[in-house]
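Asker: Provided herewith: entry-v9.cif, mmCIF, N, CA and C atoms and all ligand atoms.
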```cif
data_final
#
loop_
_atom_site.label_atom_id
_atom_site.label_comp_id
_atom_site.auth_asym_id
_atom_site.auth_seq_id
_atom_site.Cartn_x
_atom_site.Cartn_y
_atom_site.Cartn_z
N MET A 1 0.85 -1.20 0.00
CA MET A 1 0.00 0.00 0.00
C MET A 1 0.88 1.24 0.00
N GLU A 2 0.52 2.22 -0.82
CA GLU A 2 1.42 3.37 -0.93
C GLU A 2 1.12 4.44 0.14
N PHE A 3 1.69 4.21 1.29
CA PHE A 3 1.68 5.24 2.31
C PHE A 3 2.88 5.01 3.21
N LYS A 4 3.33 6.05 3.90
CA LYS A 4 4.43 5.86 4.85
C LYS A 4 4.39 6.96 5.89
N LEU A 5 4.95 6.65 7.04
CA LEU A 5 5.07 7.66 8.09
C LEU A 5 6.42 8.36 7.94
N ILE A 6 6.39 9.66 7.99
CA ILE A 6 7.64 10.45 7.90
C ILE A 6 7.86 11.08 9.27
N LYS A 7 9.05 10.87 9.81
CA LYS A 7 9.40 11.49 11.09
C LYS A 7 10.15 12.80 10.80
N PHE A 8 9.59 13.93 11.19
CA PHE A 8 10.24 15.22 10.94
C PHE A 8 11.24 15.53 12.05
N ASP A 9 12.34 16.18 11.66
CA ASP A 9 13.31 16.62 12.67
C ASP A 9 12.70 17.77 13.46
N ASN A 10 12.94 17.73 14.74
CA ASN A 10 12.33 18.69 15.66
C ASN A 10 13.46 19.56 16.22
N ILE A 11 13.36 20.87 16.02
CA ILE A 11 14.39 21.76 16.59
C ILE A 11 13.81 22.34 17.88
N THR A 12 14.38 21.92 18.99
CA THR A 12 13.86 22.38 20.28
C THR A 12 14.81 23.39 20.89
N GLU A 13 14.25 24.56 21.18
CA GLU A 13 15.04 25.60 21.87
C GLU A 13 14.23 26.01 23.09
N GLY A 14 14.83 25.90 24.25
CA GLY A 14 14.08 26.19 25.47
C GLY A 14 12.98 25.16 25.63
N ARG A 15 11.74 25.64 25.84
CA ARG A 15 10.65 24.70 26.09
C ARG A 15 9.78 24.48 24.86
N SER A 16 10.12 25.17 23.75
CA SER A 16 9.27 25.04 22.57
C SER A 16 10.05 24.46 21.39
N SER A 17 9.31 24.10 20.34
CA SER A 17 9.93 23.38 19.22
C SER A 17 9.50 23.95 17.88
N LEU A 18 10.33 23.67 16.87
CA LEU A 18 10.06 24.15 15.51
C LEU A 18 10.29 22.97 14.55
N ILE A 19 9.40 22.86 13.57
CA ILE A 19 9.58 21.85 12.52
C ILE A 19 9.48 22.55 11.18
N SER A 20 10.44 22.26 10.31
CA SER A 20 10.47 22.90 8.99
C SER A 20 10.11 21.86 7.92
N LEU A 21 9.23 22.24 6.98
CA LEU A 21 8.81 21.33 5.92
C LEU A 21 9.29 21.87 4.59
N GLU A 22 10.01 21.06 3.82
CA GLU A 22 10.57 21.53 2.55
C GLU A 22 10.26 20.53 1.44
N GLU A 23 9.74 21.07 0.31
CA GLU A 23 9.39 20.19 -0.80
C GLU A 23 10.62 19.50 -1.35
N MET A 24 10.45 18.26 -1.75
CA MET A 24 11.50 17.40 -2.30
C MET A 24 12.62 17.12 -1.28
N LYS A 25 12.38 17.52 -0.05
CA LYS A 25 13.34 17.16 1.01
C LYS A 25 12.58 16.26 1.99
N ASN A 26 12.04 16.84 3.06
CA ASN A 26 11.28 15.95 3.95
C ASN A 26 9.82 15.76 3.49
N ILE A 27 9.39 16.55 2.49
CA ILE A 27 8.09 16.31 1.82
C ILE A 27 8.42 15.78 0.43
N PRO A 28 7.98 14.56 0.08
CA PRO A 28 8.49 13.89 -1.13
C PRO A 28 7.83 14.32 -2.44
N PHE A 29 7.35 15.56 -2.54
CA PHE A 29 6.79 16.06 -3.80
C PHE A 29 6.83 17.59 -3.76
N LYS A 30 6.55 18.20 -4.91
CA LYS A 30 6.45 19.66 -4.97
C LYS A 30 5.08 20.06 -4.42
N ILE A 31 5.08 21.02 -3.52
CA ILE A 31 3.84 21.39 -2.82
C ILE A 31 3.10 22.46 -3.62
N LYS A 32 1.86 22.12 -4.08
CA LYS A 32 1.06 23.11 -4.81
C LYS A 32 -0.04 23.70 -3.94
N ARG A 33 -0.36 23.01 -2.84
CA ARG A 33 -1.51 23.45 -2.03
C ARG A 33 -1.29 23.06 -0.59
N VAL A 34 -1.72 23.95 0.29
CA VAL A 34 -1.69 23.68 1.74
C VAL A 34 -3.08 24.00 2.26
N TYR A 35 -3.66 23.10 3.03
CA TYR A 35 -4.93 23.42 3.69
C TYR A 35 -4.92 22.83 5.09
N TYR A 36 -5.82 23.33 5.91
CA TYR A 36 -5.91 22.79 7.26
C TYR A 36 -7.37 22.64 7.65
N ILE A 37 -7.62 21.65 8.48
CA ILE A 37 -8.97 21.33 8.93
C ILE A 37 -8.97 21.53 10.44
N TYR A 38 -9.89 22.31 10.94
CA TYR A 38 -9.89 22.62 12.37
C TYR A 38 -11.33 22.64 12.90
N GLY A 39 -11.46 22.81 14.20
CA GLY A 39 -12.80 22.79 14.81
C GLY A 39 -13.38 21.39 14.78
N LEU A 40 -12.53 20.39 14.71
CA LEU A 40 -13.00 19.00 14.59
C LEU A 40 -13.62 18.50 15.89
N LYS A 41 -14.63 17.66 15.76
CA LYS A 41 -15.35 17.12 16.92
C LYS A 41 -15.19 15.60 16.97
N PRO A 42 -15.20 15.01 18.19
CA PRO A 42 -14.97 13.57 18.33
C PRO A 42 -15.95 12.69 17.54
N ASP A 43 -17.19 13.16 17.32
CA ASP A 43 -18.15 12.29 16.62
C ASP A 43 -18.12 12.50 15.10
N GLU A 44 -17.17 13.28 14.63
CA GLU A 44 -17.12 13.60 13.21
C GLU A 44 -16.33 12.55 12.43
N GLU A 45 -16.73 12.33 11.18
CA GLU A 45 -15.94 11.47 10.29
C GLU A 45 -15.79 12.20 8.98
N ARG A 46 -14.58 12.20 8.44
CA ARG A 46 -14.35 12.90 7.17
C ARG A 46 -13.66 11.96 6.20
N GLY A 47 -13.32 12.49 5.06
CA GLY A 47 -12.65 11.67 4.05
C GLY A 47 -13.68 10.84 3.31
N LYS A 48 -13.52 9.50 3.32
CA LYS A 48 -14.38 8.58 2.58
C LYS A 48 -14.30 8.89 1.09
N HIS A 49 -13.09 8.95 0.62
CA HIS A 49 -12.86 9.11 -0.81
C HIS A 49 -11.41 8.73 -1.14
N ALA A 50 -11.14 8.63 -2.43
CA ALA A 50 -9.76 8.43 -2.91
C ALA A 50 -9.47 9.52 -3.92
N HIS A 51 -8.20 9.67 -4.26
CA HIS A 51 -7.80 10.63 -5.29
C HIS A 51 -7.07 9.90 -6.40
N LYS A 52 -7.48 10.21 -7.65
CA LYS A 52 -6.83 9.54 -8.78
C LYS A 52 -5.41 10.03 -8.98
N ASN A 53 -5.19 11.31 -8.69
CA ASN A 53 -3.89 11.89 -9.04
C ASN A 53 -3.46 12.92 -7.99
N LEU A 54 -3.26 12.46 -6.79
CA LEU A 54 -2.88 13.40 -5.73
C LEU A 54 -2.05 12.69 -4.68
N GLU A 55 -0.96 13.31 -4.30
CA GLU A 55 -0.17 12.83 -3.17
C GLU A 55 -0.32 13.87 -2.06
N GLN A 56 -0.36 13.39 -0.83
CA GLN A 56 -0.55 14.31 0.28
C GLN A 56 0.29 13.87 1.48
N VAL A 57 0.60 14.85 2.33
CA VAL A 57 1.15 14.54 3.65
C VAL A 57 0.24 15.19 4.68
N LEU A 58 -0.22 14.38 5.63
CA LEU A 58 -1.12 14.83 6.69
C LEU A 58 -0.33 14.96 7.99
N ILE A 59 -0.53 16.06 8.68
CA ILE A 59 0.17 16.28 9.95
C ILE A 59 -0.86 16.76 10.97
N CYS A 60 -0.91 16.07 12.09
CA CYS A 60 -1.84 16.49 13.14
C CYS A 60 -1.11 17.51 14.02
N LEU A 61 -1.46 18.79 13.87
CA LEU A 61 -0.75 19.85 14.59
C LEU A 61 -1.19 19.95 16.04
N HIS A 62 -2.43 19.55 16.29
CA HIS A 62 -2.96 19.64 17.67
C HIS A 62 -3.96 18.52 17.88
N GLY A 63 -3.87 17.81 18.99
CA GLY A 63 -4.78 16.71 19.28
C GLY A 63 -4.35 15.44 18.55
N SER A 64 -5.32 14.59 18.30
CA SER A 64 -5.00 13.34 17.61
C SER A 64 -6.22 12.86 16.81
N CYS A 65 -5.95 11.96 15.88
CA CYS A 65 -7.02 11.38 15.06
C CYS A 65 -6.53 10.06 14.47
N THR A 66 -7.46 9.31 13.91
CA THR A 66 -7.12 8.05 13.24
C THR A 66 -7.41 8.20 11.75
N ILE A 67 -6.44 7.77 10.94
CA ILE A 67 -6.63 7.77 9.49
C ILE A 67 -6.71 6.31 9.05
N ILE A 68 -7.77 5.96 8.35
CA ILE A 68 -7.94 4.60 7.83
C ILE A 68 -7.54 4.63 6.36
N LEU A 69 -6.65 3.72 5.99
CA LEU A 69 -6.14 3.66 4.61
C LEU A 69 -6.52 2.32 4.01
N ASP A 70 -7.03 2.35 2.80
CA ASP A 70 -7.59 1.15 2.18
C ASP A 70 -7.16 1.13 0.72
N ASN A 71 -6.49 0.03 0.31
CA ASN A 71 -6.08 -0.07 -1.10
C ASN A 71 -6.98 -1.03 -1.89
N GLY A 72 -8.13 -1.36 -1.31
CA GLY A 72 -9.05 -2.27 -1.98
C GLY A 72 -8.82 -3.71 -1.55
N LYS A 73 -7.68 -3.97 -0.92
CA LYS A 73 -7.38 -5.34 -0.44
C LYS A 73 -7.22 -5.35 1.07
N ASN A 74 -6.46 -4.36 1.59
CA ASN A 74 -6.19 -4.28 3.02
C ASN A 74 -6.58 -2.92 3.57
N ARG A 75 -6.90 -2.93 4.86
CA ARG A 75 -7.19 -1.67 5.58
C ARG A 75 -6.15 -1.51 6.66
N LYS A 76 -5.55 -0.32 6.77
CA LYS A 76 -4.60 -0.03 7.85
C LYS A 76 -5.13 1.16 8.63
N PHE A 77 -4.87 1.15 9.92
CA PHE A 77 -5.28 2.23 10.80
C PHE A 77 -4.03 2.94 11.30
N VAL A 78 -3.94 4.23 11.08
CA VAL A 78 -2.77 4.99 11.52
C VAL A 78 -3.24 6.10 12.46
N ASP A 79 -2.65 6.15 13.65
CA ASP A 79 -2.98 7.22 14.60
C ASP A 79 -1.96 8.34 14.45
N LEU A 80 -2.46 9.54 14.28
CA LEU A 80 -1.59 10.72 14.22
C LEU A 80 -1.81 11.52 15.49
N SER A 81 -0.74 11.76 16.24
CA SER A 81 -0.92 12.43 17.53
C SER A 81 0.22 13.37 17.88
N HIS A 82 1.13 13.59 16.90
CA HIS A 82 2.26 14.47 17.22
C HIS A 82 2.69 15.25 15.97
N PRO A 83 3.00 16.55 16.10
CA PRO A 83 3.42 17.34 14.93
C PRO A 83 4.72 16.84 14.28
N CYS A 84 5.46 15.96 14.95
CA CYS A 84 6.68 15.37 14.35
C CYS A 84 6.36 14.30 13.31
N ASP A 85 5.09 13.84 13.27
CA ASP A 85 4.73 12.73 12.39
C ASP A 85 3.96 13.23 11.18
N GLY A 86 4.42 12.85 9.99
CA GLY A 86 3.68 13.15 8.77
C GLY A 86 3.25 11.83 8.14
N LEU A 87 2.01 11.81 7.66
CA LEU A 87 1.53 10.60 6.98
C LEU A 87 1.46 10.89 5.49
N TYR A 88 2.36 10.24 4.73
CA TYR A 88 2.34 10.38 3.27
C TYR A 88 1.30 9.40 2.72
N ILE A 89 0.41 9.91 1.85
CA ILE A 89 -0.58 9.04 1.18
C ILE A 89 -0.45 9.24 -0.33
N GLY A 90 -0.18 8.13 -1.03
CA GLY A 90 -0.03 8.20 -2.49
C GLY A 90 -1.39 8.17 -3.19
N ARG A 91 -1.33 7.97 -4.51
CA ARG A 91 -2.56 7.97 -5.33
C ARG A 91 -3.39 6.71 -5.09
N ASN A 92 -4.69 6.82 -5.37
CA ASN A 92 -5.59 5.66 -5.36
C ASN A 92 -5.64 4.90 -4.04
N ILE A 93 -5.64 5.64 -2.96
CA ILE A 93 -5.84 5.04 -1.64
C ILE A 93 -7.14 5.63 -1.06
N TRP A 94 -8.05 4.77 -0.71
CA TRP A 94 -9.27 5.23 -0.03
C TRP A 94 -8.90 5.63 1.39
N ARG A 95 -9.34 6.82 1.85
CA ARG A 95 -9.01 7.26 3.21
C ARG A 95 -10.26 7.71 3.96
N GLU A 96 -10.24 7.42 5.24
CA GLU A 96 -11.30 7.89 6.14
C GLU A 96 -10.61 8.46 7.37
N MET A 97 -11.19 9.49 7.95
CA MET A 97 -10.59 10.14 9.13
C MET A 97 -11.62 10.16 10.24
N LYS A 98 -11.22 9.70 11.42
CA LYS A 98 -12.16 9.66 12.55
C LYS A 98 -11.40 9.74 13.87
N ASN A 99 -12.13 9.53 14.99
CA ASN A 99 -11.54 9.57 16.35
C ASN A 99 -10.80 10.88 16.63
N PHE A 100 -11.35 11.98 16.16
CA PHE A 100 -10.72 13.28 16.42
C PHE A 100 -10.87 13.64 17.89
N THR A 101 -9.81 14.15 18.48
CA THR A 101 -9.99 14.74 19.80
C THR A 101 -10.59 16.14 19.60
N GLU A 102 -11.27 16.62 20.60
CA GLU A 102 -11.93 17.94 20.52
C GLU A 102 -10.91 19.01 20.12
N GLY A 103 -11.20 19.75 19.06
CA GLY A 103 -10.32 20.85 18.66
C GLY A 103 -9.09 20.41 17.88
N CYS A 104 -9.06 19.15 17.47
CA CYS A 104 -7.94 18.63 16.66
C CYS A 104 -7.73 19.52 15.43
N VAL A 105 -6.46 19.74 15.07
CA VAL A 105 -6.13 20.53 13.87
C VAL A 105 -5.25 19.68 12.96
N LEU A 106 -5.71 19.51 11.72
CA LEU A 106 -4.99 18.68 10.75
C LEU A 106 -4.48 19.56 9.62
N LEU A 107 -3.17 19.52 9.40
CA LEU A 107 -2.55 20.26 8.29
C LEU A 107 -2.30 19.28 7.15
N VAL A 108 -2.58 19.72 5.91
CA VAL A 108 -2.36 18.84 4.76
C VAL A 108 -1.57 19.58 3.69
N LEU A 109 -0.51 18.93 3.21
CA LEU A 109 0.28 19.44 2.09
C LEU A 109 -0.08 18.58 0.89
N ALA A 110 -0.35 19.20 -0.24
CA ALA A 110 -0.84 18.46 -1.39
C ALA A 110 -0.01 18.74 -2.63
N SER A 111 0.10 17.72 -3.49
CA SER A 111 0.96 17.83 -4.69
C SER A 111 0.26 18.50 -5.86
N GLU A 112 -1.06 18.70 -5.76
CA GLU A 112 -1.82 19.30 -6.87
C GLU A 112 -2.81 20.34 -6.36
N TYR A 113 -3.24 21.21 -7.27
CA TYR A 113 -4.29 22.17 -6.92
C TYR A 113 -5.60 21.40 -6.70
N TYR A 114 -6.52 22.03 -6.03
CA TYR A 114 -7.82 21.40 -5.78
C TYR A 114 -8.55 21.14 -7.10
N ASP A 115 -9.04 19.91 -7.26
CA ASP A 115 -9.77 19.55 -8.48
C ASP A 115 -10.79 18.46 -8.12
N GLU A 116 -12.03 18.87 -8.01
CA GLU A 116 -13.08 17.91 -7.58
C GLU A 116 -13.19 16.74 -8.55
N SER A 117 -12.83 16.94 -9.84
CA SER A 117 -13.03 15.87 -10.82
C SER A 117 -12.05 14.71 -10.63
N GLU A 118 -11.02 14.90 -9.81
CA GLU A 118 -10.10 13.77 -9.62
C GLU A 118 -10.39 13.00 -8.31
N TYR A 119 -11.48 13.37 -7.63
CA TYR A 119 -11.91 12.60 -6.45
C TYR A 119 -12.68 11.36 -6.90
N ILE A 120 -12.57 10.27 -6.15
CA ILE A 120 -13.51 9.15 -6.28
C ILE A 120 -14.23 9.08 -4.93
N ARG A 121 -15.51 9.40 -4.92
CA ARG A 121 -16.24 9.49 -3.66
C ARG A 121 -17.16 8.29 -3.42
N ASP A 122 -17.16 7.35 -4.38
CA ASP A 122 -18.00 6.16 -4.23
C ASP A 122 -17.09 4.94 -4.09
N TYR A 123 -17.28 4.16 -3.01
CA TYR A 123 -16.34 3.06 -2.72
C TYR A 123 -16.35 1.99 -3.83
N ASP A 124 -17.53 1.67 -4.37
CA ASP A 124 -17.59 0.66 -5.44
C ASP A 124 -16.87 1.14 -6.69
N GLU A 125 -17.01 2.43 -6.98
CA GLU A 125 -16.30 3.01 -8.12
C GLU A 125 -14.78 2.94 -7.90
N PHE A 126 -14.36 3.19 -6.65
CA PHE A 126 -12.95 3.10 -6.29
C PHE A 126 -12.42 1.69 -6.57
N LEU A 127 -13.19 0.66 -6.15
CA LEU A 127 -12.74 -0.72 -6.36
C LEU A 127 -12.67 -1.05 -7.85
N LYS A 128 -13.65 -0.56 -8.61
CA LYS A 128 -13.68 -0.84 -10.05
C LYS A 128 -12.49 -0.21 -10.76
N ALA A 129 -12.06 0.95 -10.27
CA ALA A 129 -10.99 1.71 -10.94
C ALA A 129 -9.60 1.12 -10.67
N LEU A 130 -9.49 0.18 -9.75
CA LEU A 130 -8.15 -0.35 -9.39
C LEU A 130 -7.58 -1.25 -10.47
C1 LIG B 201 -7.76 14.13 2.65
C2 LIG B 201 -8.17 14.74 3.90
C3 LIG B 201 -7.05 14.84 4.87
C4 LIG B 201 -11.88 22.95 -1.46
O1 LIG B 201 -12.62 23.81 -1.96
N1 LIG B 201 -10.52 23.06 -1.60
C5 LIG B 201 -9.67 22.14 -1.09
O2 LIG B 201 -8.44 22.29 -1.23
C6 LIG B 201 -10.21 21.02 -0.37
C7 LIG B 201 -9.31 19.95 0.24
C8 LIG B 201 -11.57 20.92 -0.24
N2 LIG B 201 -12.39 21.87 -0.78
C9 LIG B 201 -13.85 21.74 -0.58
C10 LIG B 201 -14.47 20.52 -1.26
C11 LIG B 201 -15.62 20.15 -0.35
O3 LIG B 201 -16.75 20.91 -0.70
O4 LIG B 201 -14.11 21.59 0.82
C12 LIG B 201 -15.13 20.61 1.03
C13 LIG B 201 -14.63 19.47 1.90
O5 LIG B 201 -13.56 18.84 1.19
P1 LIG B 201 -13.23 17.28 1.29
O6 LIG B 201 -14.44 16.48 1.08
O7 LIG B 201 -12.06 17.02 0.41
O8 LIG B 201 -12.76 17.20 2.83
P2 LIG B 201 -12.25 16.00 3.70
O9 LIG B 201 -11.88 16.58 5.01
O10 LIG B 201 -13.23 14.89 3.70
O11 LIG B 201 -10.92 15.43 3.00
C14 LIG B 201 -9.74 16.21 2.82
C15 LIG B 201 -9.03 15.85 1.51
O12 LIG B 201 -9.84 16.00 0.41
C16 LIG B 201 -8.55 14.44 1.52
O13 LIG B 201 -7.85 14.15 0.35
O14 LIG B 201 -6.87 13.30 2.60
O15 LIG B 201 -8.79 16.01 3.82
#
```
Starting from the file, give its structure as structure tokens.
Ligand code: T46
Answerer:
Amino acid sequence: MEFKLIKFDNITEGRSSLISLEEMKNIPFKIKRVYYIYGLKPDEERGKHAHKNLEQVLICLHGSCTIILDNGKNRKFVDLSHPCDGLYIGRNIWREMKNFTEGCVLLVLASEYYDESEYIRDYDEFLKAL
């Protein structure tokens, strides 16, 4: 399955820390878009789609959540709970996001501009396209 956890280097000075993200260095693609999801609630579920042509790195900046990754054969559950952890997700992976802690903030770096036509939002269609 095309996904991996990336451990970012953490620069700690005093009691606080800094993490730097650089395209083609610790982010394995050129970054065309950055978005963030906030105000998340524990009973919320998001995602439930795949992308035909998009690579992304997800970073939980505050709180924690679970990302479910599905390649049509296997399902993996990844918990994101620290800003040092980035979850790289390649093309054609069905993803679901749940178990958000109250006020969780998710940052996403994306390899392409937003394009609704490259989403697959129906699970059966996703399986057929594999
Ligand atoms: C993923 C997780 C982590 C835009 O107008 N521009 C954008 O850049 C994005 C990402 C979304 N939108 C619109 C499209 C929908 O009307 O915002 C609405 C919600 O978007 P979406 O259904 O993509 O949101 P999530 O949170 O279910 O999923 C998103 C990403 O799409 C997805 O690839 O991995 O965040």
Asker: Between atom CA of Asp9 of chain A and atom CA of Glu23 of chain A, what distance in Å does the model show, to one decimal?
Answerer: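 Distance reported for this atom pair: 14.5 Å.
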Asker: Rank nothing, just name the residue among A:Ile89, A:Ala50, A:Val108, A:Cys84 nearest to Thr12 of chain A, using only C-alpha atoms.
Answerer: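 Closest candidate: A:Cys84.
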Asker: Ligand LIG 201 (chain B): which residues are within 8 Å, counting all atoms listed in the file? Reply as an NGL selection string.
Answerer: :A and (33-37 or 45-51 or 54-59 or 89 or 95-97 or 106-109 or 112-116 or 119)
Asker: Name the residues of segment 6-123 of chain A that fall into helix (DSSP H, G or I) according to DSSP on the backbone, using the chain letters and numbers of this document, as a tab-separated table (two decimals) with N, CA and C atoms, in the frame of the given file.
Answerer:
```tsv
chain	number	residue	atom	x	y	z
A	116	GLU	N	-12.03	18.87	-8.01
A	116	GLU	CA	-13.08	17.91	-7.58
A	116	GLU	C	-13.19	16.74	-8.55
A	117	SER	N	-12.83	16.94	-9.84
A	117	SER	CA	-13.03	15.87	-10.82
A	117	SER	C	-12.05	14.71	-10.63
A	118	GLU	N	-11.02	14.90	-9.81
A	118	GLU	CA	-10.10	13.77	-9.62
A	118	GLU	C	-10.39	13.00	-8.31
A	123	TYR	N	-17.28	4.16	-3.01
A	123	TYR	CA	-16.34	3.06	-2.72
A	123	TYR	C	-16.35	1.99	-3.83
```
Asker: Between atom N of Ser117 of chain A and atom CA of Lys52 of chain A, measure the distance and give it in Å to one decimal.
Answerer: 9.6 Å
Asker: Restricting the calculation to all atoms listed in the file, which member of A:Glu118, A:Leu130, A:Gly63, A:Val105 is positioned closest to His82 of chain A?
Answerer: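 So, comparing all the options, the nearest one is A:Gly63.
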Asker: Could you work out how far atom N of Leu21 of chain A lies from atom N of Cys60 of chain A, giving the answer in Å with one decimal?
Answerer: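 Interatomic distance here is 12.9 Å.
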Asker: How would segment 92-111 of chain A read, as an mmCIF file, in the frame of the given file, once N, CA, C and O atoms are built in?
Answerer:
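File result.cif, as written:
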```
data_model
loop_
_atom_site.group_PDB
_atom_site.id
_atom_site.type_symbol
_atom_site.label_atom_id
_atom_site.label_comp_id
_atom_site.auth_asym_id
_atom_site.auth_seq_id
_atom_site.Cartn_x
_atom_site.Cartn_y
_atom_site.Cartn_z
ATOM 1 N N ASN A 92 -4.690 6.820 -5.370
ATOM 2 C CA ASN A 92 -5.590 5.660 -5.360
ATOM 3 C C ASN A 92 -5.640 4.900 -4.040
ATOM 4 O O ASN A 92 -5.628 3.670 -4.020
ATOM 5 N N ILE A 93 -5.640 5.640 -2.960
ATOM 6 C CA ILE A 93 -5.840 5.040 -1.640
ATOM 7 C C ILE A 93 -7.140 5.630 -1.060
ATOM 8 O O ILE A 93 -7.257 6.863 -0.978
ATOM 9 N N TRP A 94 -8.050 4.770 -0.710
ATOM 10 C CA TRP A 94 -9.270 5.230 -0.030
ATOM 11 C C TRP A 94 -8.900 5.630 1.390
ATOM 12 O O TRP A 94 -8.180 4.910 2.082
ATOM 13 N N ARG A 95 -9.340 6.820 1.850
ATOM 14 C CA ARG A 95 -9.010 7.260 3.210
ATOM 15 C C ARG A 95 -10.260 7.710 3.960
ATOM 16 O O ARG A 95 -11.180 8.276 3.372
ATOM 17 N N GLU A 96 -10.240 7.420 5.240
ATOM 18 C CA GLU A 96 -11.300 7.890 6.140
ATOM 19 C C GLU A 96 -10.610 8.460 7.370
ATOM 20 O O GLU A 96 -9.539 7.986 7.754
ATOM 21 N N MET A 97 -11.190 9.490 7.950
ATOM 22 C CA MET A 97 -10.590 10.140 9.130
ATOM 23 C C MET A 97 -11.620 10.160 10.240
ATOM 24 O O MET A 97 -12.767 10.577 10.025
ATOM 25 N N LYS A 98 -11.220 9.700 11.420
ATOM 26 C CA LYS A 98 -12.160 9.660 12.550
ATOM 27 C C LYS A 98 -11.400 9.740 13.870
ATOM 28 O O LYS A 98 -10.199 9.954 13.879
ATOM 29 N N ASN A 99 -12.130 9.530 14.990
ATOM 30 C CA ASN A 99 -11.540 9.570 16.350
ATOM 31 C C ASN A 99 -10.800 10.880 16.630
ATOM 32 O O ASN A 99 -9.722 10.864 17.235
ATOM 33 N N PHE A 100 -11.350 11.980 16.160
ATOM 34 C CA PHE A 100 -10.720 13.280 16.420
ATOM 35 C C PHE A 100 -10.870 13.640 17.890
ATOM 36 O O PHE A 100 -11.950 13.456 18.472
ATOM 37 N N THR A 101 -9.810 14.150 18.480
ATOM 38 C CA THR A 101 -9.990 14.740 19.800
ATOM 39 C C THR A 101 -10.590 16.140 19.600
ATOM 40 O O THR A 101 -10.429 16.745 18.520
ATOM 41 N N GLU A 102 -11.270 16.620 20.600
ATOM 42 C CA GLU A 102 -11.930 17.940 20.520
ATOM 43 C C GLU A 102 -10.910 19.010 20.120
ATOM 44 O O GLU A 102 -9.838 19.108 20.737
ATOM 45 N N GLY A 103 -11.200 19.750 19.060
ATOM 46 C CA GLY A 103 -10.320 20.850 18.660
ATOM 47 C C GLY A 103 -9.090 20.410 17.880
ATOM 48 O O GLY A 103 -8.188 21.211 17.637
ATOM 49 N N CYS A 104 -9.060 19.150 17.470
ATOM 50 C CA CYS A 104 -7.940 18.630 16.660
ATOM 51 C C CYS A 104 -7.730 19.520 15.430
ATOM 52 O O CYS A 104 -8.691 20.015 14.836
ATOM 53 N N VAL A 105 -6.460 19.740 15.070
ATOM 54 C CA VAL A 105 -6.130 20.530 13.870
ATOM 55 C C VAL A 105 -5.250 19.680 12.960
ATOM 56 O O VAL A 105 -4.195 19.185 13.373
ATOM 57 N N LEU A 106 -5.710 19.510 11.720
ATOM 58 C CA LEU A 106 -4.990 18.680 10.750
ATOM 59 C C LEU A 106 -4.480 19.560 9.620
ATOM 60 O O LEU A 106 -5.258 20.262 8.961
ATOM 61 N N LEU A 107 -3.170 19.520 9.400
ATOM 62 C CA LEU A 107 -2.550 20.260 8.290
ATOM 63 C C LEU A 107 -2.300 19.280 7.150
ATOM 64 O O LEU A 107 -1.832 18.161 7.386
ATOM 65 N N VAL A 108 -2.580 19.720 5.910
ATOM 66 C CA VAL A 108 -2.360 18.840 4.760
ATOM 67 C C VAL A 108 -1.570 19.580 3.690
ATOM 68 O O VAL A 108 -1.908 20.711 3.315
ATOM 69 N N LEU A 109 -0.510 18.930 3.210
ATOM 70 C CA LEU A 109 0.280 19.440 2.090
ATOM 71 C C LEU A 109 -0.080 18.580 0.890
ATOM 72 O O LEU A 109 -0.101 17.343 0.999
ATOM 73 N N ALA A 110 -0.350 19.200 -0.240
ATOM 74 C CA ALA A 110 -0.840 18.460 -1.390
ATOM 75 C C ALA A 110 -0.010 18.740 -2.630
ATOM 76 O O ALA A 110 0.509 19.845 -2.813
ATOM 77 N N SER A 111 0.100 17.720 -3.490
ATOM 78 C CA SER A 111 0.960 17.830 -4.690
ATOM 79 C C SER A 111 0.260 18.500 -5.860
ATOM 80 O O SER A 111 0.887 18.803 -6.864
#
```
